[in-house]
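J.: Below is a structure I'd like to ask you about.
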Amino acid sequence: MASPISKMKETSAITHHQKFEGHTDWVNGAIHLPGGQRIMTCSWDGSLRVWNVKSGKQIGEDWRDGDSAVETIALSPDGKNVVSGSSDGAVRLWDIDTCKVVNKCTGHTRRVQSVCWSRDGRRVLSGSYDGTARQWEVEGGETIKNILASIETGHKQVYEVVYSPDTTLIATGGYDGPRAAEHPIKIWDAKTGKLVVNLEGHTSIVLCLTWTTDGKTLISGSSDHSIRTWNTTNWQQTAVLLEHTGSVYGIAISPNDRILASASTDKTALLWNLDNGQPICSPIQHPDDVTCVSFSAGGKRLATGCRVDNNAYIWDVAAILREAGLDDLLSDAKVSRQTCLMSLHSDN
């Protein structure tokens with residue numbers, strides 16, 4: 001059977017819109033900052049760095065607090081703070097304006113691999129190689145404290161944690177041991193810390209998770225090379241996306257829930273049409289393993305980070321969609337359907 005990629009409209013080679021050079025070790029995270037003119041990256045070199053999207057140049061000095069590798073970063077919903085997780089097991093809260101750590105929380109005994117904000121910005125969730133997930137309360141963007149007993153997930157190492165959009169549930173994924181035939185995603189009650197359900201399907205480490213904004217779908221990526229979608233009403237698997245030939249290390253959904261981006265150790269990022277589960281374009285080639293992906297606020301740009309070459313990149317999603325003849329994927333699905341209906345009526 002032919003690959004979906006072979007059936008899509010032929011597109012020219014995709015080139016990056018901007019390249020960001022300066023890190024001296026792997027780039028583990030890349031996020032867009034408010035205003036759309038800056039991105040932030042984090043790296044195993046122990047730094048967070050801010051970059052000018054237009055020029056590709058670093059803005060100011062490195063953000064540092066010790067020498068520990070920075071594994072992950074996440075921007076607060078109000079855009080005023082960044083939370084980071086590091087190899088020393090600490091969760092740090094940074095102020096965007098001062099570029100300084102305003103709070104450092106300890107509790108994890110091994111590196112923090114994943115952090116996530118609640119939608120209201122009042123909680124931070126962290127996952128660690130110590131096998132636990134912890135919830136922290138944020139007060140006034142300055143104070144962060146542990147609010148609940150840590151969740152002993154049963155994963156030997158937690159790779160990813162993520163709140164549901166309404167913050168009532170927590171999804172975790174990770175490594176469950178060398179003899180594990182299945183590596184389930186686990187769903188937890190955020191208030192009680194009790195297990196709700198195991199989602200079985202992945203046959204290797206679950207590396208990344210994300211929810212759609214309406215909370216109806218959970219999407220996962222794994223070192224088994226697959227991306228899977230799950231119906232959160234009945235917790236059934238609804239689709240398996242198979243195009244990557246390496247571990248799926250990161251995933252992100254566009255703000256309108258219509259495009260999925262994935263990052264892989266096969267040295268590519270992919271854009272997926274979530275309306276039909278098909279790739280949008282040919283794989284976006286990188287010099288080495290791709291570790292992370294994130295969309296800009298309007299979904300028109302994609303940031304990626306790379307291992308070994310230690311660089312980050314910006315890609316023009318709008319141009320890629322335009323060449324593929326899929327410009328409408330940047331619009332809201334409901335608006336797109338209404339426009340289509342209006343067009344049909346006007347033709348009659």
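Each chain in the structure tokens gets a letter, A, B, ..., in the order shown, and its residues are numbered from 1; ligands are numbered from 1 in order too.
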Determine which residues of range 11-186 of chain A receive a DSSP assignment of strand (DSSP E or B), computed from the backbone, and state them as a PyMOL selection string.
T.: chain A and resi 18-20+27-32+38-43+48-52+58-63+70-75+81-86+91-95+100-105+112-117+123-128+132-139+143-146+151-152+157-163+169-175+185-186
J.: Grab the residues selected above and save them as a PDB file, in the first residue's frame with C-alpha atoms.
T.:
ATOM      1  CA  GLN A  18      15.187  31.215  10.567  1.00  0.00           C
ATOM      2  CA  LYS A  19      18.024  29.428  12.362  1.00  0.00           C
ATOM      3  CA  PHE A  20      19.210  30.089  15.919  1.00  0.00           C
ATOM      4  CA  VAL A  27      18.294  21.912  22.465  1.00  0.00           C
ATOM      5  CA  ASN A  28      15.495  20.290  24.477  1.00  0.00           C
ATOM      6  CA  GLY A  29      12.754  22.909  24.256  1.00  0.00           C
ATOM      7  CA  ALA A  30      11.658  25.812  22.056  1.00  0.00           C
ATOM      8  CA  ILE A  31       8.652  28.037  22.812  1.00  0.00           C
ATOM      9  CA  HIS A  32       7.174  31.217  21.343  1.00  0.00           C
ATOM     10  CA  ARG A  38      10.839  36.182  20.167  1.00  0.00           C
ATOM     11  CA  ILE A  39      11.341  32.523  20.988  1.00  0.00           C
ATOM     12  CA  MET A  40      12.944  30.899  24.011  1.00  0.00           C
ATOM     13  CA  THR A  41      15.026  27.726  23.999  1.00  0.00           C
ATOM     14  CA  CYS A  42      16.492  25.516  26.701  1.00  0.00           C
ATOM     15  CA  SER A  43      19.434  23.173  26.490  1.00  0.00           C
ATOM     16  CA  LEU A  48      17.660  29.298  28.644  1.00  0.00           C
ATOM     17  CA  ARG A  49      18.108  31.749  25.775  1.00  0.00           C
ATOM     18  CA  VAL A  50      15.841  34.304  24.118  1.00  0.00           C
ATOM     19  CA  TRP A  51      16.111  34.957  20.384  1.00  0.00           C
ATOM     20  CA  ASN A  52      14.916  37.556  17.908  1.00  0.00           C
ATOM     21  CA  GLN A  58      20.269  36.061  20.782  1.00  0.00           C
ATOM     22  CA  ILE A  59      18.694  38.791  22.931  1.00  0.00           C
ATOM     23  CA  GLY A  60      20.674  39.549  26.070  1.00  0.00           C
ATOM     24  CA  GLU A  61      22.677  37.098  28.132  1.00  0.00           C
ATOM     25  CA  ASP A  62      21.983  33.432  28.833  1.00  0.00           C
ATOM     26  CA  TRP A  63      19.471  32.763  31.616  1.00  0.00           C
ATOM     27  CA  VAL A  70      17.626  22.219  31.405  1.00  0.00           C
ATOM     28  CA  GLU A  71      15.348  19.438  30.187  1.00  0.00           C
ATOM     29  CA  THR A  72      12.062  21.254  29.571  1.00  0.00           C
ATOM     30  CA  ILE A  73      10.314  24.652  29.615  1.00  0.00           C
ATOM     31  CA  ALA A  74       6.707  25.873  29.473  1.00  0.00           C
ATOM     32  CA  LEU A  75       5.224  29.361  29.195  1.00  0.00           C
ATOM     33  CA  ASN A  81       6.500  33.424  33.587  1.00  0.00           C
ATOM     34  CA  VAL A  82       8.352  30.372  32.361  1.00  0.00           C
ATOM     35  CA  VAL A  83       8.687  27.172  34.360  1.00  0.00           C
ATOM     36  CA  SER A  84      11.636  24.868  33.759  1.00  0.00           C
ATOM     37  CA  GLY A  85      12.675  21.376  34.793  1.00  0.00           C
ATOM     38  CA  SER A  86      16.314  20.402  35.184  1.00  0.00           C
ATOM     39  CA  VAL A  91      11.414  23.017  39.226  1.00  0.00           C
ATOM     40  CA  ARG A  92      12.231  26.689  38.631  1.00  0.00           C
ATOM     41  CA  LEU A  93       9.903  29.626  38.049  1.00  0.00           C
ATOM     42  CA  TRP A  94      11.373  32.433  35.929  1.00  0.00           C
ATOM     43  CA  ASP A  95      10.143  36.001  35.444  1.00  0.00           C
ATOM     44  CA  LYS A 100      15.635  35.751  36.798  1.00  0.00           C
ATOM     45  CA  VAL A 101      14.522  32.767  38.873  1.00  0.00           C
ATOM     46  CA  VAL A 102      11.844  33.908  41.318  1.00  0.00           C
ATOM     47  CA  ASN A 103      11.314  30.537  42.933  1.00  0.00           C
ATOM     48  CA  LYS A 104      13.054  27.155  42.994  1.00  0.00           C
ATOM     49  CA  CYS A 105      11.235  24.088  44.228  1.00  0.00           C
ATOM     50  CA  VAL A 112      12.546  16.689  35.798  1.00  0.00           C
ATOM     51  CA  GLN A 113      11.711  15.690  32.245  1.00  0.00           C
ATOM     52  CA  SER A 114       8.357  17.432  31.773  1.00  0.00           C
ATOM     53  CA  VAL A 115       6.487  20.502  33.049  1.00  0.00           C
ATOM     54  CA  CYS A 116       3.017  21.806  32.241  1.00  0.00           C
ATOM     55  CA  TRP A 117       0.804  24.724  33.309  1.00  0.00           C
ATOM     56  CA  ARG A 123      -0.818  25.245  38.954  1.00  0.00           C
ATOM     57  CA  VAL A 124       2.289  23.653  37.517  1.00  0.00           C
ATOM     58  CA  LEU A 125       2.616  19.931  36.916  1.00  0.00           C
ATOM     59  CA  SER A 126       5.995  18.193  36.782  1.00  0.00           C
ATOM     60  CA  GLY A 127       7.128  14.685  35.889  1.00  0.00           C
ATOM     61  CA  SER A 128      10.447  13.119  36.800  1.00  0.00           C
ATOM     62  CA  THR A 132       6.486  10.636  40.253  1.00  0.00           C
ATOM     63  CA  ALA A 133       4.271  13.477  39.104  1.00  0.00           C
ATOM     64  CA  ARG A 134       3.929  16.525  41.352  1.00  0.00           C
ATOM     65  CA  GLN A 135       1.512  19.449  41.400  1.00  0.00           C
ATOM     66  CA  TRP A 136       2.631  22.913  42.496  1.00  0.00           C
ATOM     67  CA  GLU A 137       0.547  25.975  43.285  1.00  0.00           C
ATOM     68  CA  VAL A 138       1.626  29.325  41.816  1.00  0.00           C
ATOM     69  CA  GLU A 139       0.696  32.507  43.680  1.00  0.00           C
ATOM     70  CA  THR A 143       5.606  31.790  44.830  1.00  0.00           C
ATOM     71  CA  ILE A 144       5.354  28.118  43.960  1.00  0.00           C
ATOM     72  CA  LYS A 145       4.700  25.385  46.491  1.00  0.00           C
ATOM     73  CA  ASN A 146       3.765  21.709  46.591  1.00  0.00           C
ATOM     74  CA  ILE A 151       1.631  10.719  42.486  1.00  0.00           C
ATOM     75  CA  GLU A 152       3.567   7.454  42.406  1.00  0.00           C
ATOM     76  CA  GLN A 157      10.705   7.013  34.616  1.00  0.00           C
ATOM     77  CA  VAL A 158       8.141   9.688  33.798  1.00  0.00           C
ATOM     78  CA  TYR A 159       8.808  11.289  30.439  1.00  0.00           C
ATOM     79  CA  GLU A 160       5.669  13.369  30.027  1.00  0.00           C
ATOM     80  CA  VAL A 161       2.934  14.878  32.166  1.00  0.00           C
ATOM     81  CA  VAL A 162       0.049  17.038  30.982  1.00  0.00           C
ATOM     82  CA  TYR A 163      -3.135  18.465  32.480  1.00  0.00           C
ATOM     83  CA  LEU A 169      -7.259  15.006  34.899  1.00  0.00           C
ATOM     84  CA  ILE A 170      -3.548  14.328  34.500  1.00  0.00           C
ATOM     85  CA  ALA A 171      -2.047  12.147  31.782  1.00  0.00           C
ATOM     86  CA  THR A 172       1.376  10.577  32.285  1.00  0.00           C
ATOM     87  CA  GLY A 173       3.636   8.561  30.015  1.00  0.00           C
ATOM     88  CA  GLY A 174       7.054   7.047  30.417  1.00  0.00           C
ATOM     89  CA  TYR A 175       9.328   4.060  30.649  1.00  0.00           C
ATOM     90  CA  ILE A 185      -0.550   6.048  29.227  1.00  0.00           C
ATOM     91  CA  LYS A 186      -2.020   6.590  32.679  1.00  0.00           C
TER      92      LYS A 186
END
J.: Can you pull out the residues contacting Gly177 in chain A? Cut-off 8 Å, using only C-alpha atoms, and skip same-chain residues under 2 positions away; I want them as a ChimeraX atom specification.
T.: /A:155-156,175,179-180
J.: Restrict the selected residues to C-alpha atoms and save them as an mmCIF file, in the first residue's frame.
T.:
data_model
loop_
_atom_site.group_PDB
_atom_site.id
_atom_site.type_symbol
_atom_site.label_atom_id
_atom_site.label_comp_id
_atom_site.auth_asym_id
_atom_site.auth_seq_id
_atom_site.Cartn_x
_atom_site.Cartn_y
_atom_site.Cartn_z
ATOM 1 C CA HIS A 155 6.356 4.341 35.554
ATOM 2 C CA LYS A 156 10.011 3.665 36.275
ATOM 3 C CA TYR A 175 9.328 4.060 30.649
ATOM 4 C CA ARG A 179 10.383 -6.439 30.176
ATOM 5 C CA ALA A 180 7.202 -4.420 29.724
#
J.: In terms of the shortest atom-to-atom distance over only C-alpha atoms, which of A:Gln236, A:Ser118, A:Thr109, A:Ser294 is closest to Asp130 in chain A?
T.: A:Thr109
J.: From a DSSP calculation on the backbone, collect every residue of range 164-346 of chain A in helix (DSSP H, G or I) and output the set as a count of residues only.
T.: 26
J.: Would you list the contacts of Val240 in chain A as a PyMOL selection string, taking every protein, DNA or RNA residue within 10 Å and counting only C-alpha atoms, but skipping same-chain residues closer than 4 positions in sequence?
T.: chain A and resi 201-202+219-221+226-230+277
J.: Output C-alpha atoms for every residue in that selection, as a PDB file, in the first residue's frame.
T.:
ATOM      1  CA  GLY A 201      -1.443   0.384  22.742  1.00  0.00           C
ATOM      2  CA  HIS A 202       2.100   1.714  22.682  1.00  0.00           C
ATOM      3  CA  ILE A 219      -2.632  12.444  21.447  1.00  0.00           C
ATOM      4  CA  SER A 220       0.515  10.487  22.260  1.00  0.00           C
ATOM      5  CA  GLY A 221       3.904   9.825  20.698  1.00  0.00           C
ATOM      6  CA  SER A 226       3.811   5.767  16.333  1.00  0.00           C
ATOM      7  CA  ILE A 227       1.444   8.601  17.138  1.00  0.00           C
ATOM      8  CA  ARG A 228      -1.901   7.549  18.594  1.00  0.00           C
ATOM      9  CA  THR A 229      -5.137   9.426  19.234  1.00  0.00           C
ATOM     10  CA  TRP A 230      -7.551   8.596  22.045  1.00  0.00           C
ATOM     11  CA  GLY A 277      -5.119  12.060   9.910  1.00  0.00           C
TER      12      GLY A 277
END
J.: For a test of reading the model, state the distance in Å between CA of Tyr313 in chain A and CA of His17 in chain A, rounded to one decimal.
T.: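 Answer for the CA of Tyr313 in chain A to CA of His17 in chain A separation: 7.4 Å.
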J.: In Å, how far is it from CA of Val248 in chain A to CA of His183 in chain A?
T.: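 Interatomic distance here is 14.3 Å.
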J.: With only C-alpha atoms as the atoms that count, which of A:Ala263, A:Ala324, A:Ala190, A:Ala149 lies nearest to Arg307 in chain A?
T.: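 For Arg307 in chain A, the nearest of the candidates is A:Ala263.
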J.: List the spatial neighbours of His225 in chain A as a PDB file with N, CA, C and O atoms, in the first residue's frame - criterion: any atom at most 10 Å away, only C-alpha atoms, same-chain residues fewer than 4 positions off excluded.
T.:
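What follows is the written file out09.pdb:
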ATOM      1  N   HIS A 202       0.687   1.502  22.981  1.00  0.00           N
ATOM      2  CA  HIS A 202       2.100   1.714  22.682  1.00  0.00           C
ATOM      3  C   HIS A 202       2.929   0.532  23.188  1.00  0.00           C
ATOM      4  O   HIS A 202       2.673  -0.005  24.257  1.00  0.00           O
ATOM      5  N   THR A 203       3.932   0.168  22.402  1.00  0.00           N
ATOM      6  CA  THR A 203       4.781  -0.986  22.747  1.00  0.00           C
ATOM      7  C   THR A 203       6.169  -0.571  23.211  1.00  0.00           C
ATOM      8  O   THR A 203       7.015  -1.418  23.443  1.00  0.00           O
ATOM      9  N   SER A 204       6.385   0.738  23.338  1.00  0.00           N
ATOM     10  CA  SER A 204       7.644   1.237  23.864  1.00  0.00           C
ATOM     11  C   SER A 204       7.376   2.556  24.586  1.00  0.00           C
ATOM     12  O   SER A 204       6.221   2.964  24.728  1.00  0.00           O
ATOM     13  N   ILE A 205       8.417   3.221  25.030  1.00  0.00           N
ATOM     14  CA  ILE A 205       8.305   4.394  25.898  1.00  0.00           C
ATOM     15  C   ILE A 205       7.376   5.460  25.315  1.00  0.00           C
ATOM     16  O   ILE A 205       7.507   5.843  24.155  1.00  0.00           O
ATOM     17  N   VAL A 206       6.448   5.942  26.129  1.00  0.00           N
ATOM     18  CA  VAL A 206       5.604   7.066  25.747  1.00  0.00           C
ATOM     19  C   VAL A 206       6.378   8.340  26.073  1.00  0.00           C
ATOM     20  O   VAL A 206       6.663   8.642  27.228  1.00  0.00           O
ATOM     21  N   GLY A 221       2.811  10.242  21.564  1.00  0.00           N
ATOM     22  CA  GLY A 221       3.904   9.825  20.698  1.00  0.00           C
ATOM     23  C   GLY A 221       4.851   8.935  21.468  1.00  0.00           C
ATOM     24  O   GLY A 221       5.000   9.076  22.692  1.00  0.00           O
ATOM     25  N   LEU A 241      -1.059   6.939  13.693  1.00  0.00           N
ATOM     26  CA  LEU A 241      -0.385   7.649  12.604  1.00  0.00           C
ATOM     27  C   LEU A 241       1.026   7.094  12.468  1.00  0.00           C
ATOM     28  O   LEU A 241       1.832   7.194  13.399  1.00  0.00           O
ATOM     29  N   LEU A 242       1.312   6.524  11.302  1.00  0.00           N
ATOM     30  CA  LEU A 242       2.581   5.837  11.086  1.00  0.00           C
ATOM     31  C   LEU A 242       3.303   6.407   9.868  1.00  0.00           C
ATOM     32  O   LEU A 242       3.028   6.026   8.742  1.00  0.00           O
ATOM     33  N   GLU A 243       4.198   7.320  10.083  1.00  0.00           N
ATOM     34  CA  GLU A 243       5.066   7.830   9.021  1.00  0.00           C
ATOM     35  C   GLU A 243       6.507   7.972   9.504  1.00  0.00           C
ATOM     36  O   GLU A 243       7.434   7.822   8.725  1.00  0.00           O
ATOM     37  N   HIS A 244       6.682   8.262  10.779  1.00  0.00           N
ATOM     38  CA  HIS A 244       8.033   8.405  11.308  1.00  0.00           C
ATOM     39  C   HIS A 244       8.749   7.047  11.356  1.00  0.00           C
ATOM     40  O   HIS A 244       8.122   6.004  11.576  1.00  0.00           O
ATOM     41  N   THR A 245      10.051   7.082  11.165  1.00  0.00           N
ATOM     42  CA  THR A 245      10.865   5.854  11.229  1.00  0.00           C
ATOM     43  C   THR A 245      11.778   5.868  12.447  1.00  0.00           C
ATOM     44  O   THR A 245      12.671   5.037  12.571  1.00  0.00           O
ATOM     45  N   GLY A 246      11.553   6.813  13.335  1.00  0.00           N
ATOM     46  CA  GLY A 246      12.293   6.902  14.588  1.00  0.00           C
ATOM     47  C   GLY A 246      11.345   7.263  15.711  1.00  0.00           C
ATOM     48  O   GLY A 246      10.135   7.456  15.507  1.00  0.00           O
ATOM     49  N   SER A 247      11.873   7.369  16.918  1.00  0.00           N
ATOM     50  CA  SER A 247      11.065   7.728  18.079  1.00  0.00           C
ATOM     51  C   SER A 247      10.399   9.081  17.884  1.00  0.00           C
ATOM     52  O   SER A 247      11.012  10.012  17.356  1.00  0.00           O
ATOM     53  N   VAL A 248       9.146   9.183  18.305  1.00  0.00           N
ATOM     54  CA  VAL A 248       8.426  10.460  18.256  1.00  0.00           C
ATOM     55  C   VAL A 248       8.675  11.165  19.582  1.00  0.00           C
ATOM     56  O   VAL A 248       8.120  10.796  20.614  1.00  0.00           O
ATOM     57  N   TYR A 249       9.517  12.172  19.538  1.00  0.00           N
ATOM     58  CA  TYR A 249      10.038  12.787  20.761  1.00  0.00           C
ATOM     59  C   TYR A 249       9.199  13.957  21.249  1.00  0.00           C
ATOM     60  O   TYR A 249       9.214  14.308  22.428  1.00  0.00           O
ATOM     61  N   SER A 264      10.897  13.923  15.587  1.00  0.00           N
ATOM     62  CA  SER A 264      11.353  12.539  15.648  1.00  0.00           C
ATOM     63  C   SER A 264      12.870  12.409  15.564  1.00  0.00           C
ATOM     64  O   SER A 264      13.567  13.270  15.019  1.00  0.00           O
ATOM     65  N   THR A 265      13.342  11.287  16.087  1.00  0.00           N
ATOM     66  CA  THR A 265      14.757  10.944  15.965  1.00  0.00           C
ATOM     67  C   THR A 265      15.104  10.464  14.560  1.00  0.00           C
ATOM     68  O   THR A 265      16.262  10.115  14.304  1.00  0.00           O
ATOM     69  N   ASP A 266      14.144  10.451  13.655  1.00  0.00           N
ATOM     70  CA  ASP A 266      14.465  10.156  12.250  1.00  0.00           C
ATOM     71  C   ASP A 266      14.944  11.412  11.515  1.00  0.00           C
ATOM     72  O   ASP A 266      15.043  11.436  10.293  1.00  0.00           O
TER      73      ASP A 266
END
J.: When you draw a straight line from CA of Ala318 in chain A to CA of His23 in chain A, how long is it in Å?
T.: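 Atom-to-atom, CA of Ala318 in chain A to CA of His23 in chain A, that is 27.5 Å.
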